[in-house]
file work.csv (CSV, C-alpha atoms)
chain,number,residue,atom,x,y,z
O,1,MET,CA,1.1,8.2,93.4
O,2,PRO,CA,3.1,9.0,90.2
O,3,ASP,CA,1.1,9.8,87.0
O,4,LYS,CA,2.2,6.5,85.4
O,5,VAL,CA,2.4,2.9,86.5
O,6,LEU,CA,5.9,1.8,87.5
O,7,LEU,CA,7.4,-1.7,87.7
O,8,ASP,CA,7.6,-1.2,91.4
O,9,TYR,CA,3.8,-1.5,91.7
O,10,GLY,CA,4.1,-5.2,90.8
O,11,SER,CA,6.9,-5.9,93.2
O,12,GLY,CA,4.8,-7.1,96.1
O,13,GLY,CA,6.6,-4.6,98.3
O,14,ARG,CA,5.6,-1.2,99.7
O,15,ALA,CA,4.7,0.2,96.3
O,16,SER,CA,2.3,-2.7,95.7
O,17,GLN,CA,0.7,-2.2,99.1
O,18,ARG,CA,0.2,1.5,98.3
O,19,LEU,CA,-1.4,0.7,95.0
O,20,ILE,CA,-3.8,-1.8,96.7
O,21,ALA,CA,-4.7,0.5,99.5
O,22,GLU,CA,-5.0,3.7,97.6
O,23,LEU,CA,-6.7,2.4,94.4
O,24,PHE,CA,-8.1,-1.2,94.5
O,25,LEU,CA,-9.5,-1.1,98.1
O,26,THR,CA,-11.0,2.4,97.4
O,27,HIS,CA,-13.1,1.0,94.5
O,28,PHE,CA,-13.6,-2.7,95.4
O,29,ASP,CA,-14.1,-2.3,99.1
O,30,ASN,CA,-15.9,-5.1,100.9
O,31,PRO,CA,-15.2,-6.9,104.2
O,32,GLU,CA,-13.6,-10.0,102.6
O,33,LEU,CA,-11.2,-8.1,100.4
O,34,SER,CA,-10.3,-5.7,103.2
O,35,ARG,CA,-8.8,-8.5,105.2
O,36,LEU,CA,-6.0,-8.8,102.6
O,37,ASN,CA,-5.5,-12.5,103.1
O,38,ASP,CA,-3.9,-14.7,100.5
O,39,ALA,CA,-7.3,-16.1,99.6
O,40,ALA,CA,-10.9,-15.3,100.3
O,41,VAL,CA,-13.3,-17.3,102.5
O,42,LEU,CA,-16.7,-17.5,100.7
O,43,ASP,CA,-20.1,-18.1,102.1
O,44,ILE,CA,-21.7,-20.4,99.5
O,45,THR,CA,-24.0,-23.4,99.9
O,46,GLY,CA,-25.2,-26.0,97.5
O,47,ARG,CA,-24.2,-26.4,93.8
O,48,VAL,CA,-22.0,-23.6,92.3
O,49,ALA,CA,-21.2,-22.5,88.8
O,50,MET,CA,-17.7,-21.0,88.1
O,51,SER,CA,-16.3,-19.4,85.0
O,52,THR,CA,-13.1,-17.5,84.1
O,53,ASP,CA,-12.2,-15.2,81.2
O,54,SER,CA,-9.4,-12.9,80.1
O,55,TYR,CA,-10.1,-9.5,78.6
O,56,THR,CA,-7.7,-7.8,76.1
O,57,VAL,CA,-10.1,-5.5,74.3
O,58,ASP,CA,-8.6,-2.8,72.0
O,59,PRO,CA,-9.3,0.0,72.5
O,60,ILE,CA,-9.6,-0.1,76.3
O,61,PHE,CA,-12.2,2.7,76.3
O,62,PHE,CA,-15.0,2.6,73.9
O,63,PRO,CA,-18.6,4.0,73.5
O,64,GLY,CA,-20.7,2.2,76.0
O,65,GLY,CA,-18.0,0.8,78.2
O,66,ASP,CA,-14.3,0.0,78.9
O,67,ILE,CA,-12.1,-3.0,79.6
O,68,GLY,CA,-12.9,-2.8,83.4
O,69,SER,CA,-16.7,-2.9,83.2
O,70,LEU,CA,-16.5,-5.5,80.3
O,71,ALA,CA,-14.4,-7.8,82.5
O,72,VAL,CA,-17.1,-7.7,85.2
O,73,HIS,CA,-20.1,-8.0,82.8
O,74,GLY,CA,-18.6,-10.8,80.8
O,75,THR,CA,-17.8,-13.2,83.7
O,76,VAL,CA,-21.1,-12.3,85.5
O,77,ASN,CA,-23.0,-13.2,82.3
O,78,ASP,CA,-21.1,-16.4,81.8
O,79,VAL,CA,-22.0,-17.6,85.3
O,80,SER,CA,-25.6,-16.5,84.9
O,81,MET,CA,-26.0,-18.6,81.7
O,82,LEU,CA,-25.5,-21.7,83.8
O,83,GLY,CA,-28.6,-20.9,85.9
O,84,ALA,CA,-26.6,-19.4,88.8
O,85,VAL,CA,-26.8,-16.1,90.7
O,86,PRO,CA,-23.2,-14.7,90.6
O,87,ARG,CA,-21.9,-13.8,94.1
O,88,TYR,CA,-18.1,-13.4,93.9
O,89,LEU,CA,-15.4,-12.3,91.5
O,90,THR,CA,-11.6,-12.5,91.5
O,91,CYS,CA,-9.6,-10.2,89.2
O,92,GLY,CA,-6.0,-10.4,88.0
O,93,PHE,CA,-4.3,-7.4,86.3
O,94,ILE,CA,-1.4,-7.5,83.9
O,95,ILE,CA,-0.4,-3.9,83.5
O,96,GLU,CA,2.2,-2.5,81.1
O,97,GLU,CA,4.8,-0.2,82.7
O,98,GLY,CA,4.0,3.4,81.8
O,99,LEU,CA,0.2,3.1,81.7
O,100,PRO,CA,-1.2,6.5,82.8
O,101,MET,CA,-2.3,6.2,86.4
O,102,ALA,CA,-5.4,8.1,85.4
O,103,ASP,CA,-6.4,5.4,83.0
O,104,LEU,CA,-5.9,2.7,85.6
O,105,GLU,CA,-8.0,4.5,88.1
O,106,ARG,CA,-10.7,5.1,85.5
O,107,ILE,CA,-10.7,1.3,84.7
O,108,VAL,CA,-10.7,0.2,88.4
O,109,ALA,CA,-13.5,2.7,89.3
O,110,SER,CA,-15.6,1.4,86.4
O,111,MET,CA,-15.0,-2.2,87.6
O,112,GLY,CA,-16.1,-1.2,91.1
O,113,THR,CA,-19.3,0.4,89.8
O,114,ALA,CA,-20.1,-2.5,87.5
O,115,ALA,CA,-19.6,-5.0,90.4
O,116,LYS,CA,-21.9,-3.0,92.7
O,117,ARG,CA,-24.6,-2.8,90.1
O,118,ALA,CA,-24.4,-6.5,89.4
O,119,GLY,CA,-24.5,-7.3,93.2
O,120,VAL,CA,-21.2,-9.2,93.2
O,121,ALA,CA,-18.2,-8.7,95.4
O,122,ILE,CA,-14.6,-8.7,94.1
O,123,VAL,CA,-13.0,-10.7,96.9
O,124,THR,CA,-9.4,-11.4,95.8
O,125,GLY,CA,-7.0,-10.5,93.0
O,126,ASP,CA,-3.5,-10.1,91.8
O,127,THR,CA,-1.5,-7.4,90.1
O,128,LYS,CA,1.5,-7.8,87.8
O,129,VAL,CA,3.4,-5.0,86.1
O,130,VAL,CA,5.5,-6.0,83.1
O,131,PRO,CA,8.2,-3.9,81.3
O,132,LYS,CA,7.1,-1.5,78.6
O,133,GLY,CA,6.5,-3.4,75.3
O,134,ALA,CA,5.8,-6.8,77.1
O,135,ALA,CA,2.0,-6.2,77.0
O,136,ASP,CA,-0.5,-3.7,75.4
O,137,ARG,CA,-1.5,-1.3,78.3
O,138,ILE,CA,-3.6,-3.6,80.4
O,139,PHE,CA,-5.1,-7.1,80.4
O,140,ILE,CA,-7.6,-8.3,83.0
O,141,ASN,CA,-8.7,-11.8,84.0
O,142,THR,CA,-11.9,-12.3,86.1
O,143,THR,CA,-13.2,-15.5,87.6
O,144,GLY,CA,-16.8,-15.7,88.9
O,145,ILE,CA,-18.6,-18.0,91.2
O,146,GLY,CA,-22.4,-18.2,91.7
O,147,GLU,CA,-25.1,-20.3,93.4
O,148,ILE,CA,-27.2,-22.4,91.0
O,149,ILE,CA,-30.9,-21.8,91.5
O,150,VAL,CA,-32.5,-24.3,89.0
O,151,ASP,CA,-32.2,-28.1,88.4
O,152,PRO,CA,-31.4,-29.1,85.8
O,153,THR,CA,-29.3,-26.2,84.8
O,154,PRO,CA,-29.7,-24.6,81.3
O,155,SER,CA,-27.3,-26.2,78.9
O,156,GLY,CA,-26.7,-26.2,75.2
O,157,ASP,CA,-27.4,-29.9,74.9
O,158,ARG,CA,-30.9,-29.5,76.2
O,159,ALA,CA,-32.4,-27.8,73.1
O,160,ALA,CA,-35.3,-29.9,72.0
O,161,VAL,CA,-37.4,-30.2,68.9
O,162,GLY,CA,-40.4,-27.9,69.2
O,163,ASP,CA,-38.6,-25.3,71.4
O,164,ALA,CA,-38.8,-21.6,70.7
O,165,VAL,CA,-35.6,-19.6,70.1
O,166,LEU,CA,-35.6,-16.1,71.7
O,167,VAL,CA,-33.0,-13.3,71.8
O,168,SER,CA,-33.1,-10.4,74.3
O,169,GLY,CA,-32.3,-7.7,71.8
O,170,SER,CA,-30.4,-6.4,68.8
O,171,MET,CA,-27.3,-8.2,67.5
O,172,GLY,CA,-23.8,-7.0,66.6
O,173,ASP,CA,-23.6,-3.7,68.5
O,174,HIS,CA,-20.5,-4.5,70.5
O,175,GLY,CA,-18.5,-5.9,67.7
O,176,LEU,CA,-19.2,-3.1,65.3
O,177,THR,CA,-18.5,-0.5,68.0
O,178,ILE,CA,-15.0,-1.9,68.7
O,179,LEU,CA,-14.2,-2.2,65.0
O,180,SER,CA,-15.3,1.3,64.2
O,181,ARG,CA,-13.5,2.9,67.1
O,182,ARG,CA,-10.3,0.9,66.4
O,183,GLN,CA,-10.3,1.9,62.7
O,184,GLY,CA,-11.4,5.5,63.4
O,185,LEU,CA,-14.6,5.0,61.4
O,186,SER,CA,-17.9,6.9,62.0
O,187,PHE,CA,-21.3,6.3,60.6
O,188,ASP,CA,-24.4,8.4,60.1
O,189,ALA,CA,-26.0,6.7,63.1
O,190,PRO,CA,-23.6,6.2,66.0
O,191,VAL,CA,-23.0,2.7,67.4
O,192,GLN,CA,-22.5,1.9,71.0
O,193,SER,CA,-21.5,-1.3,72.8
O,194,ASP,CA,-24.3,-3.2,74.6
O,195,SER,CA,-21.9,-4.3,77.4
O,196,ALA,CA,-24.1,-5.0,80.5
O,197,ALA,CA,-24.5,-7.4,83.4
O,198,LEU,CA,-27.5,-9.6,82.6
O,199,ASN,CA,-27.7,-11.5,85.9
O,200,HIS,CA,-30.7,-9.6,87.5
O,201,LEU,CA,-32.8,-10.2,84.3
O,202,ILE,CA,-31.7,-13.8,84.1
O,203,GLU,CA,-32.6,-14.5,87.7
O,204,LYS,CA,-36.1,-13.0,87.2
O,205,LEU,CA,-36.5,-15.2,84.1
O,206,LEU,CA,-35.3,-18.4,85.8
O,207,ARG,CA,-37.4,-17.9,89.0
O,208,THR,CA,-40.5,-17.4,86.7
O,209,LEU,CA,-39.7,-20.1,84.2
O,210,PRO,CA,-37.3,-22.7,85.7
O,211,GLU,CA,-38.1,-25.0,82.7
O,212,ILE,CA,-35.8,-23.0,80.4
O,213,HIS,CA,-33.6,-25.4,78.4
O,214,VAL,CA,-30.8,-23.2,77.1
O,215,LEU,CA,-29.3,-19.8,78.0
O,216,ARG,CA,-26.2,-18.5,76.1
O,217,ASP,CA,-24.7,-15.1,75.5
O,218,PRO,CA,-23.5,-14.8,71.9
O,219,THR,CA,-20.2,-13.1,72.4
O,220,ARG,CA,-17.2,-14.0,70.1
O,221,GLY,CA,-18.5,-15.5,66.9
O,222,GLY,CA,-21.9,-13.8,67.4
O,223,LEU,CA,-25.4,-15.3,67.1
O,224,ALA,CA,-24.7,-17.6,64.2
O,225,THR,CA,-21.7,-19.3,65.8
O,226,THR,CA,-23.4,-19.7,69.2
O,227,LEU,CA,-26.5,-21.2,67.6
O,228,ASN,CA,-24.3,-23.6,65.8
O,229,GLU,CA,-22.7,-24.6,69.1
O,230,ILE,CA,-26.1,-25.3,70.5
O,231,ALA,CA,-27.3,-27.3,67.5
O,232,SER,CA,-24.1,-29.4,67.5
O,233,SER,CA,-24.3,-30.2,71.2
O,234,SER,CA,-28.0,-30.9,71.2
O,235,GLY,CA,-28.1,-32.8,67.9
O,236,ALA,CA,-31.2,-30.8,66.9
O,237,GLY,CA,-31.7,-28.4,64.0
O,238,ILE,CA,-32.3,-24.7,64.5
O,239,LEU,CA,-34.3,-22.7,62.0
O,240,VAL,CA,-34.0,-18.9,62.2
O,241,ARG,CA,-36.2,-16.4,60.2
O,242,GLU,CA,-34.2,-13.6,58.7
O,243,THR,CA,-37.2,-11.2,58.9
O,244,GLU,CA,-37.4,-11.7,62.7
O,245,LEU,CA,-33.7,-11.0,63.5
O,246,PRO,CA,-33.3,-7.8,65.5
O,247,ILE,CA,-30.5,-5.7,64.0
O,248,SER,CA,-30.4,-1.9,64.5
O,249,ASP,CA,-30.2,0.4,61.5
O,250,ALA,CA,-26.8,1.6,62.6
O,251,VAL,CA,-25.3,-1.9,62.7
O,252,ARG,CA,-27.0,-2.9,59.5
O,253,SER,CA,-25.7,0.1,57.6
O,254,GLY,CA,-22.2,-0.2,59.2
O,255,CYS,CA,-22.0,-3.9,58.3
O,256,SER,CA,-23.1,-3.2,54.7
O,257,PHE,CA,-20.4,-0.5,54.4
O,258,LEU,CA,-17.7,-2.8,55.7
O,259,GLY,CA,-18.9,-6.1,54.2
O,260,LEU,CA,-19.5,-7.7,57.5
O,261,ASP,CA,-22.3,-10.1,58.5
O,262,PRO,CA,-23.9,-8.8,61.8
O,263,LEU,CA,-24.9,-12.4,62.7
O,264,TYR,CA,-21.2,-13.1,63.4
O,265,LEU,CA,-20.4,-9.9,65.4
O,266,ALA,CA,-20.0,-10.1,69.1
O,267,ASN,CA,-22.5,-9.1,71.7
O,268,GLU,CA,-21.7,-8.3,75.4
O,269,GLY,CA,-25.2,-7.6,76.8
O,270,LYS,CA,-27.6,-9.9,75.0
O,271,PHE,CA,-28.6,-13.6,75.4
O,272,ILE,CA,-30.3,-16.4,73.7
O,273,CYS,CA,-33.1,-18.2,75.5
O,274,ILE,CA,-34.4,-21.6,74.2
O,275,LEU,CA,-37.5,-23.1,76.0
O,276,PRO,CA,-40.7,-25.0,75.3
O,277,GLU,CA,-42.9,-23.2,72.8
O,278,ALA,CA,-45.8,-23.0,75.3
O,279,LEU,CA,-43.7,-20.8,77.6
O,280,ALA,CA,-42.3,-18.4,74.9
O,281,ASP,CA,-44.9,-15.6,75.4
O,282,GLU,CA,-44.4,-15.6,79.1
O,283,ALA,CA,-40.6,-15.5,78.8
O,284,LEU,CA,-40.9,-12.5,76.3
O,285,ALA,CA,-43.1,-10.6,78.8
O,286,VAL,CA,-40.5,-11.1,81.6
O,287,MET,CA,-37.6,-10.0,79.3
O,288,ARG,CA,-39.4,-7.0,77.8
O,289,ALA,CA,-40.3,-5.7,81.3
O,290,ASP,CA,-36.6,-5.2,81.9
O,291,PRO,CA,-34.7,-2.4,80.1
O,292,LEU,CA,-32.0,-4.9,79.1
O,293,GLY,CA,-34.6,-7.1,77.4
O,294,ALA,CA,-36.8,-4.4,76.0
O,295,GLY,CA,-36.0,-5.6,72.4
O,296,ALA,CA,-36.6,-9.3,73.1
O,297,CYS,CA,-38.2,-11.2,70.3
O,298,ARG,CA,-38.6,-14.7,68.9
O,299,ILE,CA,-36.3,-15.5,66.0
O,300,GLY,CA,-37.0,-19.2,65.3
O,301,SER,CA,-37.5,-22.7,66.4
O,302,VAL,CA,-35.7,-25.9,67.2
O,303,VAL,CA,-36.6,-28.4,64.4
O,304,ALA,CA,-36.1,-32.0,63.4
O,305,ASP,CA,-34.7,-31.1,60.0
O,306,HIS,CA,-30.9,-30.6,59.3
O,307,ALA,CA,-29.9,-32.1,62.7
O,308,GLY,CA,-26.9,-30.4,64.3
O,309,LYS,CA,-27.0,-27.4,61.9
O,310,VAL,CA,-28.5,-23.9,61.7
O,311,ALA,CA,-30.6,-22.8,58.7
O,312,LEU,CA,-31.7,-19.3,57.8
O,313,GLU,CA,-35.1,-18.7,56.2
O,314,THR,CA,-34.9,-15.8,53.8
O,315,PRO,CA,-37.8,-13.3,53.3
O,316,LEU,CA,-38.7,-15.1,50.0
O,317,GLY,CA,-39.0,-18.4,51.9
O,318,GLY,CA,-35.7,-20.0,50.7
O,319,ARG,CA,-33.3,-21.6,53.2
O,320,ARG,CA,-29.6,-21.6,53.5
O,321,LEU,CA,-27.3,-23.1,56.1
O,322,LEU,CA,-25.6,-20.6,58.5
O,323,GLY,CA,-22.1,-22.0,59.2
O,324,MET,CA,-19.9,-21.4,62.2
O,325,LEU,CA,-17.4,-18.6,62.1
O,326,GLU,CA,-14.2,-19.8,60.5
O,327,GLY,CA,-11.2,-18.3,62.2
O,328,GLU,CA,-11.1,-14.9,63.9
O,329,GLN,CA,-13.2,-12.2,62.2
O,330,LEU,CA,-12.1,-9.4,64.6
O,331,PRO,CA,-9.4,-10.1,67.2
O,332,ARG,CA,-9.4,-8.5,70.7
O,333,ILE,CA,-13.0,-7.6,70.9
O,334,CYS,CA,-13.3,-8.6,74.6
call {"tool": "encode", "arguments": {"input": "work.csv", "output": "structure tokens"}}
result
Amino acid sequence: MPDKVLLDYGSGGRASQRLIAELFLTHFDNPELSRLNDAAVLDITGRVAMSTDSYTVDPIFFPGGDIGSLAVHGTVNDVSMLGAVPRYLTCGFIIEEGLPMADLERIVASMGTAAKRAGVAIVTGDTKVVPKGAADRIFINTTGIGEIIVDPTPSGDRAAVGDAVLVSGSMGDHGLTILSRRQGLSFDAPVQSDSAALNHLIEKLLRTLPEIHVLRDPTRGGLATTLNEIASSSGAGILVRETELPISDAVRSGCSFLGLDPLYLANEGKFICILPEALADEALAVMRADPLGAGACRIGSVVADHAGKVALETPLGGRRLLGMLEGEQLPRIC
């Protein structure tokens, strides 16, 4: 193949077939995809969860990941948060003419590896190549389908007064990593994206504790915005203790330097878990036994006060409301 992507690769003709055979099938190979039908036949029973997302992250390669692995992790995690085991993914590529073929292969290989590790099959997809200048290198859409394993499913409107609020680890790593790489900034302590597929950990957690009320991954808008969404949909208040918030020294110092609040920075490999107080210690034990939940901790409670809002308790015991992110703090982070 040429060293750059040509418009012909999106034509649907022989060039497209070569790209599919020599690149996508090499890294996504599975029996369903190899049939090359117009659609995939899926073996799923019972209730299913489905989610879709488009990925336009800039830069496309960053410490801890790339747009390909991120496109798998993000959709796998979204399906998992509904109490489902992800089984299948679709993927759609919009590629700018002239993208180095080596970059495309690196991205596709990364997607294939991420899907295998997550235990999901990429069963159908689409490729479009647009003229140079009509897109920024590459955009990827993924749609995921999974089998629901608990009833009722975790949902933001199920947060109840008395519940404990847990997080699986440190906040803000992905957002600060993208910003620093995009702006060419470096800090004394390096930062790295937390991009990861959480489905295996979530499945273990749900099979141990099917009574979990809420699971959410705090991506765009970060922890503060996601907690506000949960408080709003449940009608309950959420109290978070500042001293309990897990934020790495690297993210804390980087945010201090840039004037950012880490509670509003995106995460791509962490989740919020809200469940009855009596089950909190058991949930933390399950989470900490997995490398992706090693930093799990309790950060607060669902309370009767300030219904529909989130409050932060400071180290001195004062309280202030944490609002939802207004507008876009950092575009193209995922």
call {"tool": "residues_around", "arguments": {"input": "work.csv", "residues": "stretch 208-212 of chain O", "least_positions_apart": "3", "cutoff": "8 Å", "atoms": "only C-alpha atoms", "output": "ChimeraX atom specification"}}
result
/O:150-151,154,204-205,215,273-276,279,283
call {"tool": "closest_residue", "arguments": {"input": "work.csv", "among": "O:Asp136, O:Glu147, O:Asp66, O:Asp157", "to": "O:Leu227", "atoms": "only C-alpha atoms"}}
result
O:Asp157
call {"tool": "residues_around", "arguments": {"input": "work.csv", "residues": "O:Ser186", "least_positions_apart": "4", "cutoff": "12 Å", "atoms": "all atoms listed in the file", "output": "short mmCIF file (atom, residue, chain, number, x, y, z; two decimals) with C-alpha atoms, in the frame of the given file"}}
result
data_model
loop_
_atom_site.label_atom_id
_atom_site.label_comp_id
_atom_site.auth_asym_id
_atom_site.auth_seq_id
_atom_site.Cartn_x
_atom_site.Cartn_y
_atom_site.Cartn_z
CA PRO O 63 -18.60 4.00 73.50
CA LEU O 176 -19.20 -3.10 65.30
CA THR O 177 -18.50 -0.50 68.00
CA ILE O 178 -15.00 -1.90 68.70
CA LEU O 179 -14.20 -2.20 65.00
CA SER O 180 -15.30 1.30 64.20
CA ARG O 181 -13.50 2.90 67.10
CA ARG O 182 -10.30 0.90 66.40
CA PRO O 190 -23.60 6.20 66.00
CA VAL O 191 -23.00 2.70 67.40
CA GLN O 192 -22.50 1.90 71.00
CA ALA O 250 -26.80 1.60 62.60
CA VAL O 251 -25.30 -1.90 62.70
CA SER O 253 -25.70 0.10 57.60
CA GLY O 254 -22.20 -0.20 59.20
CA PHE O 257 -20.40 -0.50 54.40
CA LEU O 258 -17.70 -2.80 55.70
#
call {"tool": "residues_around", "arguments": {"input": "work.csv", "residues": "O:Phe24", "least_positions_apart": "3", "cutoff": "9 Å", "atoms": "only C-alpha atoms", "output": "list in words"}}
result
Leu19, Ile20, Ala21, His27, Phe28, Asp29, Glu105, Val108, Ala109 and Gly112 of chain O
call {"tool": "closest_residue", "arguments": {"input": "work.csv", "among": "O:Glu22, O:Asp103, O:Asp8, O:Glu313", "to": "O:Ser301", "atoms": "only C-alpha atoms"}}
result
O:Glu313
call {"tool": "closest_residue", "arguments": {"input": "work.csv", "among": "O:Pro100, O:Gly144, O:Gly133, O:Gly237", "to": "O:Asp53", "atoms": "only C-alpha atoms"}}
result
O:Gly144
call {"tool": "closest_atom_pairs", "arguments": {"input": "work.csv", "of": "stretch 100-168 of chain O", "to": "stretch 73-96 of chain O", "cutoff": "8 Å", "atoms": "only C-alpha atoms", "output": "Markdown table"}}
result
| residue | atom | partner | partner_atom | distance |
| --- | --- | --- | --- | --- |
| O:Ala114 | CA | O:His73 | CA | 7.2 |
| O:Ala118 | CA | O:Val76 | CA | 7.7 |
| O:Gly119 | CA | O:Arg87 | CA | 7.1 |
| O:Val120 | CA | O:Arg87 | CA | 4.7 |
| O:Ala121 | CA | O:Tyr88 | CA | 4.9 |
| O:Ile122 | CA | O:Leu89 | CA | 4.5 |
| O:Val123 | CA | O:Thr90 | CA | 5.9 |
| O:Thr124 | CA | O:Thr90 | CA | 5.0 |
| O:Gly125 | CA | O:Cys91 | CA | 4.6 |
| O:Asp126 | CA | O:Gly92 | CA | 4.6 |
| O:Thr127 | CA | O:Phe93 | CA | 4.7 |
| O:Lys128 | CA | O:Ile94 | CA | 4.9 |
| O:Val129 | CA | O:Ile95 | CA | 4.7 |
| O:Val130 | CA | O:Glu96 | CA | 5.2 |
| O:Pro131 | CA | O:Glu96 | CA | 6.2 |
| O:Lys132 | CA | O:Glu96 | CA | 5.6 |
| O:Gly133 | CA | O:Glu96 | CA | 7.3 |
| O:Ala134 | CA | O:Glu96 | CA | 6.9 |
| O:Ala135 | CA | O:Glu96 | CA | 5.5 |
| O:Asp136 | CA | O:Glu96 | CA | 6.4 |
| O:Arg137 | CA | O:Glu96 | CA | 4.8 |
| O:Ile138 | CA | O:Ile95 | CA | 4.5 |
| O:Phe139 | CA | O:Ile94 | CA | 5.1 |
| O:Ile140 | CA | O:Phe93 | CA | 4.8 |
| O:Asn141 | CA | O:Gly92 | CA | 5.0 |
| O:Thr142 | CA | O:Cys91 | CA | 4.4 |
| O:Thr143 | CA | O:Thr90 | CA | 5.2 |
| O:Gly144 | CA | O:Leu89 | CA | 4.5 |
| O:Ile145 | CA | O:Tyr88 | CA | 5.4 |
| O:Gly146 | CA | O:Pro86 | CA | 3.8 |
| O:Glu147 | CA | O:Ala84 | CA | 4.9 |
| O:Ile148 | CA | O:Ala84 | CA | 3.8 |
| O:Ile149 | CA | O:Ala84 | CA | 5.6 |
| O:Val150 | CA | O:Gly83 | CA | 6.0 |
| O:Thr153 | CA | O:Gly83 | CA | 5.5 |
| O:Pro154 | CA | O:Leu82 | CA | 5.7 |
| O:Ser155 | CA | O:Leu82 | CA | 6.9 |
call {"tool": "build_atoms", "arguments": {"input": "work.csv", "residues": "stretch 145-156 of chain O", "atoms": "N, CA, C and O atoms", "output": "short mmCIF file (atom, residue, chain, number, x, y, z; two decimals), in the coordinates of the input"}}
result
data_model
loop_
_atom_site.label_atom_id
_atom_site.label_comp_id
_atom_site.auth_asym_id
_atom_site.auth_seq_id
_atom_site.Cartn_x
_atom_site.Cartn_y
_atom_site.Cartn_z
N ILE O 145 -17.96 -16.88 90.61
CA ILE O 145 -18.60 -18.00 91.20
C ILE O 145 -20.04 -17.61 91.62
O ILE O 145 -20.26 -16.50 92.13
N GLY O 146 -21.00 -18.51 91.34
CA GLY O 146 -22.40 -18.20 91.70
C GLY O 146 -23.12 -19.43 92.15
O GLY O 146 -22.71 -20.57 91.90
N GLU O 147 -24.24 -19.20 92.84
CA GLU O 147 -25.10 -20.30 93.40
C GLU O 147 -26.14 -20.66 92.34
O GLU O 147 -26.90 -19.82 91.88
N ILE O 148 -26.19 -21.94 92.00
CA ILE O 148 -27.20 -22.40 91.00
C ILE O 148 -28.55 -22.47 91.66
O ILE O 148 -28.72 -22.96 92.77
N ILE O 149 -29.54 -21.95 90.93
CA ILE O 149 -30.90 -21.80 91.50
C ILE O 149 -31.92 -22.72 90.77
O ILE O 149 -33.09 -22.71 91.16
N VAL O 150 -31.52 -23.44 89.73
CA VAL O 150 -32.50 -24.30 89.00
C VAL O 150 -31.80 -25.69 88.80
O VAL O 150 -30.58 -25.79 88.72
N ASP O 151 -32.64 -26.70 88.72
CA ASP O 151 -32.20 -28.10 88.40
C ASP O 151 -33.18 -28.76 87.55
O ASP O 151 -34.34 -28.90 87.96
N PRO O 152 -32.78 -29.19 86.36
CA PRO O 152 -31.40 -29.10 85.80
C PRO O 152 -31.07 -27.72 85.34
O PRO O 152 -31.95 -26.88 85.14
N THR O 153 -29.79 -27.48 85.18
CA THR O 153 -29.30 -26.20 84.80
C THR O 153 -29.51 -26.01 83.25
O THR O 153 -29.49 -27.00 82.50
N PRO O 154 -29.70 -24.78 82.76
CA PRO O 154 -29.70 -24.60 81.30
C PRO O 154 -28.40 -25.05 80.69
O PRO O 154 -27.34 -24.83 81.26
N SER O 155 -28.52 -25.68 79.54
CA SER O 155 -27.30 -26.20 78.90
C SER O 155 -27.57 -26.37 77.40
O SER O 155 -28.70 -26.67 76.98
N GLY O 156 -26.52 -26.18 76.63
CA GLY O 156 -26.70 -26.20 75.20
C GLY O 156 -27.19 -27.55 74.66
O GLY O 156 -27.85 -27.58 73.62
#
